[in-house]
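As structure tokens, the structure follows; a few thoughts come after it.
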Amino acid sequence: MKTWHWIALGVVFVISLILEFFFMEIKSPHWWNSIPAFYAIWGFLGTVAIIYISKWLGKLFIFRDEDYYDA
Amino acid sequence: MMLELLTVPAVILILGAFLLPLIPERIRSSAFIVFPLVALGVLWSLPEGSLIQVPFASYELHLLTVDSLSRIFGTIFVMITIIGGVYAFHIKDLGQQTSALAYAGGALGVTFAGDFFTLFFFWEIMAAASTYLIWARRTKESDKAGMRYVLVHIFGGGLLFSGILMHLNNGGSFLIENLEQTYSISNIFILLGVGLNSAIPPLHAWLADAYPKATITGAVFMSAFTTKSAVYILIRLFPGWDILVYWGVAMALYGVVYAVLVNDIREILAYHIVSQVGYMVAGVGIGTEMAINGTTAHAFSHILYKSLLFMGAGAVIHATGKSKLTELGGFAKKMPVVVGLYMIGAFSISGFPFFNGFISKSMVVSAAGYAHFETVMLLLILASVGTFLHTGLKLPYFTWFGEKKSEFDVGKVPLNMKIAMGMGAFFCTLFGVYPALLYNYLPYAVDYHPYTIYHFVEMMQILVFTFIGFWLLRKKLEGTPTIAVDTDWFYRKPADAVRYVFVSIPNRFYGWAENSALASAEKLSGVSKNPLKYILPSFATEGREVQSDGFSAGIGAALAFILFGFLVAGIATLM
């Protein structure tokens with residue numbers, strides 16, 4: 001990724017923070033609304049968790065050789 | 001009566017399937033598209049209510065029951081038949097064309113069925129017709145996969161039909177109505193039968209097994225009809241059944257986990273059908289008006305973007321002959337149009353603002369929030385992280401952008417395939433920009449606005465940070481030359497053992513029994529050549545052998561007399 005890609009992502013994130021802190025109204029409140037930038041945290045942790053947990057499960061019992069069913 | 005039947009959309013398409021072989025080959029592909037167009041026109045001109053009843057034994061079949069829910073599902077099924085017809089325009093395989101039309105007809109029949117028998121009839125047409133779309137690939141793998149697919153669906157149909165019969169036997173309604181939430185045997189059987197077609201784990205493995213092996217064009221139809229018509233039936237029968245909430249969430253995450261592990265591009269998409277249908281199943285379980293609207297809207301959106309994604313993956317396979325992440329890569333510049341259109345589908349499924357996933361998925365998720373299923377809501381958002389991660393990032397990155405992993409030529413993609421993708425992309429964007437076009441036709445009045453600052457913030461933050469997470473960990477997501485075992489293991493791996501116990505052993509036993517019976521018969525016949533030799537050896541050892549084929553006149557007369565006796569006795573008994 002080039003530097004400007006990271007800058008673009010940063011700009012989008014900053015815009016989202018500005019919207020969150022100054023303009024956002026919450027119609028149906030949930031416990032996580034009090035955590036700032038919760039969806040960013042959830043998105044990032046979610047990605048990491050999905051990748052690591054799936055790979056772990058995969059190695060545990062899901063991965064097999066491609067000819068597993070033919071052998 | 002016959003003319004009335006022609007107003008049943010399913011009949012129009014199935015009639016089309018019968019007429020196609022009579023149409024000259026050069027206009028057959030155009031004719032394929034005419035039938036769904038006619039069905040679309042008919043569908044929107046029908047009034048609401050149960051329009052056609054046909055007596056059947058002591059029942060009355062309701063072939064055409066129209067309301068807003070069936071109309072919106074019918075519309076999307078017809079739309080995708082048209083788009084799929086354009087995508088398959090270059091195909092000259094009559095079998096695939098007829099079975100695709102019959103398959104679509106089955107889905108429409110299920111949608112407008114007012115009673116259980118009509119439902120079951122079209123349900124089975126779908127299973128049979130779709131199987132051919134797998135077999136038409138004509139590889140050893142697709143032959144076997146098609147056989148597994150049809151067996152699993154026969155099993156599912158059996159569950160459904162047993163459930164229906166028990167339901168009727170218990171005095172249940174013959175018409176398709178909401179079932180009361182009690183876990184009676186009949187309800188459980190119906191739920192399992194419909195659940196199998198909705199690909200609810202552990203009854204889902206047929207989907208990820210068969211779709212990647214179907215023909216390029218066939219998979220587009222398959223991605224649309226089977227699971228979504230089952231979701232439609234879930235809405236009809238099981239709205240508000242709590243178990244579906246948790247099952248749906250589990251499904252949404254299950255698909256995500258497997259999508260990390262698999263290597264075949266259409267298998268990744270197939271597991272994301274499981275995941276996306278999870279939202280719909282959860283929506284049915286929540287059962288509020290908003291949730292049912294959300295489920296319907298999401299099924300509508302899903303069919304559009306998922307078929308677009310399958311068309312993109314199909315274009316890759318058509319052009320390169322390869323389907324595995326570990327063999328693709330580095331040719332985005334050679335098919336920019338396909339990549340661009342695929343990405344519109346990927347943005348849609350990931351819930352980017354201004355695409356149709358945003359306006360439907362958020363509705364289901366919000367419905368969970370309003371109904372105070374907070375954990376459910378968070379987990380559905382987590383599943384949507386996974387959706388963007390795989391369909392929006394992993395698949396396109398390793399297919400088109402990452403380094404080239406094997407040698408292959410990139411052939412041309414037919415124009416009609418690109419046009420069909422363009423149509424899909426157009427509708428994905430159209431409904432994203434003007435959600436009212438869809439919202440106005442949902443089963444309940446919609447009081448929901450997707451374009452709020454809250455949703456923008458939510459999606460912007462999730463998407464940006466999913467992207468960052470992907471970029472940092474992308475090495476981990478690289479495909480591996482492996483397969484992922486799923487619940488199909490239970491009927492695939494032990495197949496040899498099952499065959500041994502139930503086929504080979506009985507076979508061998510019967511073989512042995514047959515041989516010994518023949519051998520003893522042979523021995524006995526040896527004995528009967530001259531029984532006296534054994535009974536009175538001293539008498540028979542000398543003199544001539546008995547000639548069994550030469551009778552004396554006396555014996556002939558005796559036999560005739562005995563036969564005559566039987567005849568008289570027979571006639572006497574009859575009198």
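Naming scheme: A, B, ... for chains in displayed order of the structure tokens; residues 1 onward per chain; ligands 1 onward as shown.
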
Q: Report as a VMD selection string the set of chain B residues whose atoms approach chain A to within 6 Å, with distances computed over only C-alpha atoms.
A: chain B and resid 257 382 453 to 454 457 to 458 461 to 462 465 to 466 469 482 to 485

Export, as a PDB file, in the first residue's frame, the selected residues with N, CA, C and O atoms.
```
ATOM      1  N   VAL B 257     -16.153 -18.466   9.292  1.00  0.00           N
ATOM      2  CA  VAL B 257     -14.980 -19.265   9.677  1.00  0.00           C
ATOM      3  C   VAL B 257     -14.517 -20.124   8.500  1.00  0.00           C
ATOM      4  O   VAL B 257     -13.337 -20.154   8.148  1.00  0.00           O
ATOM      5  N   LEU B 382     -20.204  -8.671  13.682  1.00  0.00           N
ATOM      6  CA  LEU B 382     -18.943  -9.400  13.546  1.00  0.00           C
ATOM      7  C   LEU B 382     -18.945 -10.222  12.253  1.00  0.00           C
ATOM      8  O   LEU B 382     -17.961 -10.248  11.507  1.00  0.00           O
ATOM      9  N   ILE B 453     -26.654   9.244  10.202  1.00  0.00           N
ATOM     10  CA  ILE B 453     -25.240   9.459  10.510  1.00  0.00           C
ATOM     11  C   ILE B 453     -24.704   8.271  11.309  1.00  0.00           C
ATOM     12  O   ILE B 453     -23.581   7.822  11.105  1.00  0.00           O
ATOM     13  N   TYR B 454     -25.556   7.730  12.179  1.00  0.00           N
ATOM     14  CA  TYR B 454     -25.134   6.586  12.998  1.00  0.00           C
ATOM     15  C   TYR B 454     -24.640   5.437  12.101  1.00  0.00           C
ATOM     16  O   TYR B 454     -23.561   4.883  12.321  1.00  0.00           O
ATOM     17  N   VAL B 457     -21.326   6.253  10.352  1.00  0.00           N
ATOM     18  CA  VAL B 457     -20.189   6.132  11.276  1.00  0.00           C
ATOM     19  C   VAL B 457     -19.860   4.661  11.487  1.00  0.00           C
ATOM     20  O   VAL B 457     -18.714   4.228  11.372  1.00  0.00           O
ATOM     21  N   GLU B 458     -20.913   3.879  11.762  1.00  0.00           N
ATOM     22  CA  GLU B 458     -20.727   2.453  12.025  1.00  0.00           C
ATOM     23  C   GLU B 458     -19.988   1.781  10.869  1.00  0.00           C
ATOM     24  O   GLU B 458     -18.958   1.129  11.047  1.00  0.00           O
ATOM     25  N   GLN B 461     -16.266   3.076  10.155  1.00  0.00           N
ATOM     26  CA  GLN B 461     -15.266   2.580  11.114  1.00  0.00           C
ATOM     27  C   GLN B 461     -15.015   1.083  10.920  1.00  0.00           C
ATOM     28  O   GLN B 461     -13.864   0.636  10.896  1.00  0.00           O
ATOM     29  N   ILE B 462     -16.083   0.334  10.738  1.00  0.00           N
ATOM     30  CA  ILE B 462     -15.897  -1.117  10.583  1.00  0.00           C
ATOM     31  C   ILE B 462     -15.089  -1.422   9.329  1.00  0.00           C
ATOM     32  O   ILE B 462     -14.126  -2.198   9.352  1.00  0.00           O
ATOM     33  N   PHE B 465     -11.332  -0.361   9.508  1.00  0.00           N
ATOM     34  CA  PHE B 465     -10.475  -1.165  10.374  1.00  0.00           C
ATOM     35  C   PHE B 465     -10.441  -2.639   9.966  1.00  0.00           C
ATOM     36  O   PHE B 465      -9.470  -3.336  10.262  1.00  0.00           O
ATOM     37  N   THR B 466     -11.465  -3.092   9.285  1.00  0.00           N
ATOM     38  CA  THR B 466     -11.361  -4.441   8.723  1.00  0.00           C
ATOM     39  C   THR B 466     -10.270  -4.443   7.657  1.00  0.00           C
ATOM     40  O   THR B 466      -9.456  -5.363   7.566  1.00  0.00           O
ATOM     41  N   GLY B 469      -6.901  -4.416   9.333  1.00  0.00           N
ATOM     42  CA  GLY B 469      -6.631  -5.745   9.875  1.00  0.00           C
ATOM     43  C   GLY B 469      -6.234  -6.721   8.774  1.00  0.00           C
ATOM     44  O   GLY B 469      -5.276  -7.484   8.915  1.00  0.00           O
ATOM     45  N   THR B 482      -5.358 -27.050   0.413  1.00  0.00           N
ATOM     46  CA  THR B 482      -6.007 -28.051   1.247  1.00  0.00           C
ATOM     47  C   THR B 482      -7.501 -27.945   1.013  1.00  0.00           C
ATOM     48  O   THR B 482      -7.966 -27.034   0.359  1.00  0.00           O
ATOM     49  N   ILE B 483      -8.243 -28.883   1.552  1.00  0.00           N
ATOM     50  CA  ILE B 483      -9.692 -28.713   1.598  1.00  0.00           C
ATOM     51  C   ILE B 483     -10.112 -28.651   3.063  1.00  0.00           C
ATOM     52  O   ILE B 483      -9.347 -29.026   3.950  1.00  0.00           O
ATOM     53  N   ALA B 484     -11.310 -28.139   3.304  1.00  0.00           N
ATOM     54  CA  ALA B 484     -11.812 -28.042   4.665  1.00  0.00           C
ATOM     55  C   ALA B 484     -12.929 -29.058   4.827  1.00  0.00           C
ATOM     56  O   ALA B 484     -13.906 -29.012   4.096  1.00  0.00           O
ATOM     57  N   VAL B 485     -12.745 -29.986   5.771  1.00  0.00           N
ATOM     58  CA  VAL B 485     -13.815 -30.976   5.961  1.00  0.00           C
ATOM     59  C   VAL B 485     -14.974 -30.319   6.694  1.00  0.00           C
ATOM     60  O   VAL B 485     -14.786 -29.476   7.562  1.00  0.00           O
TER      61      VAL B 485
END
```

Q: Run DSSP on the backbone and give me the residues of region 4-71 of chain A it puts in helix (DSSP H, G or I), as number ranges by chain.
A: A: 4-23, 31-34, 38-62

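Atom to atom, CA of Gly193 (chain B) and CA of Glu141 (chain B) stand 26.2 Å apart.
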
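Proximity to Val11 (chain A) was assessed for B:Val464, B:Leu473, B:Leu567, B:Ala270 counting only C-alpha atoms; the smallest distance is recorded for B:Val464.
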
Q.
When you look at region 303-305 of chain B with a cut-off of 10 Å (counting only C-alpha atoms), what residues show up, excluding the ones that are within fewer than 4 positions of it in the same chain? I need them as a ChimeraX atom specification.
A. /B:76-77,79-80,83,220-221,223-225,227-228,273,298-299,309-311,342-349,355-357,421,423-429

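Going from CA of Ala102 (chain B) over to CA of Ala129 (chain B), you cover 6.2 Å.
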
Q | Within 8 Å of Leu328 (chain B) using only C-alpha atoms, minus same-chain residues under 2 positions, as an MDAnalysis selection string | A | chainID B and resid 322:326 330 398:400 404:406

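These are the residues of region 16-115 of chain B assigned strand (DSSP E or B) by DSSP from backbone coordinates: Gly49, Ser50, Leu51, Ile52, Gln53, Val54, Pro55, Phe56, Tyr59, Glu60, Leu61, His62, Leu63, Leu64, Thr65, Val66 and Asp115 of chain B.
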
Mind dumping the selected residues with N, CA, C and O atoms as a PDB file, in the first residue's frame?
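Output (out_11.pdb):
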```
ATOM      1  N   GLY B  49     -54.604 -12.464  -3.226  1.00  0.00           N
ATOM      2  CA  GLY B  49     -55.565 -13.488  -2.799  1.00  0.00           C
ATOM      3  C   GLY B  49     -55.216 -14.838  -3.395  1.00  0.00           C
ATOM      4  O   GLY B  49     -54.244 -14.961  -4.146  1.00  0.00           O
ATOM      5  N   SER B  50     -56.005 -15.863  -3.045  1.00  0.00           N
ATOM      6  CA  SER B  50     -55.795 -17.187  -3.619  1.00  0.00           C
ATOM      7  C   SER B  50     -56.592 -17.277  -4.915  1.00  0.00           C
ATOM      8  O   SER B  50     -57.818 -17.306  -4.903  1.00  0.00           O
ATOM      9  N   LEU B  51     -55.885 -17.296  -6.043  1.00  0.00           N
ATOM     10  CA  LEU B  51     -56.565 -17.070  -7.321  1.00  0.00           C
ATOM     11  C   LEU B  51     -57.002 -18.344  -8.040  1.00  0.00           C
ATOM     12  O   LEU B  51     -57.955 -18.338  -8.785  1.00  0.00           O
ATOM     13  N   ILE B  52     -56.265 -19.437  -7.836  1.00  0.00           N
ATOM     14  CA  ILE B  52     -56.628 -20.659  -8.567  1.00  0.00           C
ATOM     15  C   ILE B  52     -56.682 -21.835  -7.600  1.00  0.00           C
ATOM     16  O   ILE B  52     -55.716 -22.099  -6.882  1.00  0.00           O
ATOM     17  N   GLN B  53     -57.823 -22.510  -7.579  1.00  0.00           N
ATOM     18  CA  GLN B  53     -57.918 -23.726  -6.781  1.00  0.00           C
ATOM     19  C   GLN B  53     -58.220 -24.906  -7.701  1.00  0.00           C
ATOM     20  O   GLN B  53     -59.009 -24.782  -8.625  1.00  0.00           O
ATOM     21  N   VAL B  54     -57.523 -26.000  -7.437  1.00  0.00           N
ATOM     22  CA  VAL B  54     -57.722 -27.210  -8.240  1.00  0.00           C
ATOM     23  C   VAL B  54     -58.036 -28.340  -7.275  1.00  0.00           C
ATOM     24  O   VAL B  54     -57.298 -28.539  -6.304  1.00  0.00           O
ATOM     25  N   PRO B  55     -59.136 -29.079  -7.504  1.00  0.00           N
ATOM     26  CA  PRO B  55     -59.414 -30.198  -6.608  1.00  0.00           C
ATOM     27  C   PRO B  55     -58.395 -31.309  -6.796  1.00  0.00           C
ATOM     28  O   PRO B  55     -57.965 -31.596  -7.922  1.00  0.00           O
ATOM     29  N   PHE B  56     -57.979 -31.916  -5.707  1.00  0.00           N
ATOM     30  CA  PHE B  56     -56.989 -32.987  -5.748  1.00  0.00           C
ATOM     31  C   PHE B  56     -57.336 -33.931  -4.610  1.00  0.00           C
ATOM     32  O   PHE B  56     -57.187 -33.573  -3.447  1.00  0.00           O
ATOM     33  N   TYR B  59     -58.623 -32.895  -1.219  1.00  0.00           N
ATOM     34  CA  TYR B  59     -58.094 -31.573  -0.905  1.00  0.00           C
ATOM     35  C   TYR B  59     -58.351 -30.604  -2.047  1.00  0.00           C
ATOM     36  O   TYR B  59     -58.691 -30.989  -3.163  1.00  0.00           O
ATOM     37  N   GLU B  60     -58.120 -29.348  -1.742  1.00  0.00           N
ATOM     38  CA  GLU B  60     -58.180 -28.346  -2.785  1.00  0.00           C
ATOM     39  C   GLU B  60     -56.804 -27.671  -2.842  1.00  0.00           C
ATOM     40  O   GLU B  60     -56.340 -27.101  -1.855  1.00  0.00           O
ATOM     41  N   LEU B  61     -56.144 -27.789  -3.989  1.00  0.00           N
ATOM     42  CA  LEU B  61     -54.808 -27.201  -4.115  1.00  0.00           C
ATOM     43  C   LEU B  61     -54.931 -25.708  -4.424  1.00  0.00           C
ATOM     44  O   LEU B  61     -55.736 -25.314  -5.258  1.00  0.00           O
ATOM     45  N   HIS B  62     -54.107 -24.917  -3.765  1.00  0.00           N
ATOM     46  CA  HIS B  62     -54.076 -23.476  -4.039  1.00  0.00           C
ATOM     47  C   HIS B  62     -52.791 -23.175  -4.802  1.00  0.00           C
ATOM     48  O   HIS B  62     -51.731 -23.053  -4.223  1.00  0.00           O
ATOM     49  N   LEU B  63     -52.922 -23.083  -6.111  1.00  0.00           N
ATOM     50  CA  LEU B  63     -51.717 -22.983  -6.943  1.00  0.00           C
ATOM     51  C   LEU B  63     -51.154 -21.576  -6.988  1.00  0.00           C
ATOM     52  O   LEU B  63     -49.985 -21.378  -7.311  1.00  0.00           O
ATOM     53  N   LEU B  64     -51.986 -20.599  -6.712  1.00  0.00           N
ATOM     54  CA  LEU B  64     -51.531 -19.228  -6.949  1.00  0.00           C
ATOM     55  C   LEU B  64     -52.074 -18.323  -5.842  1.00  0.00           C
ATOM     56  O   LEU B  64     -53.174 -17.807  -5.934  1.00  0.00           O
ATOM     57  N   THR B  65     -51.283 -18.202  -4.782  1.00  0.00           N
ATOM     58  CA  THR B  65     -51.685 -17.335  -3.678  1.00  0.00           C
ATOM     59  C   THR B  65     -50.767 -16.119  -3.680  1.00  0.00           C
ATOM     60  O   THR B  65     -49.559 -16.242  -3.483  1.00  0.00           O
ATOM     61  N   VAL B  66     -51.342 -14.978  -3.929  1.00  0.00           N
ATOM     62  CA  VAL B  66     -50.528 -13.769  -4.113  1.00  0.00           C
ATOM     63  C   VAL B  66     -50.743 -12.821  -2.940  1.00  0.00           C
ATOM     64  O   VAL B  66     -51.879 -12.530  -2.568  1.00  0.00           O
ATOM     65  N   ASP B 115     -50.742 -24.067  -0.448  1.00  0.00           N
ATOM     66  CA  ASP B 115     -50.963 -25.244   0.386  1.00  0.00           C
ATOM     67  C   ASP B 115     -49.713 -26.112   0.368  1.00  0.00           C
ATOM     68  O   ASP B 115     -48.798 -25.901  -0.433  1.00  0.00           O
TER      69      ASP B 115
END
```

Q.
Just want the 9 Å neighbourhood of region 231-243 of chain B, counted on only C-alpha atoms, with same-chain residues fewer than 6 positions away dropped. Output as an MDAnalysis selection string.
A. chainID B and resid 69:70 73 110:111 176:181 191 194:195 197:198 277 280:288 292 295:296 299
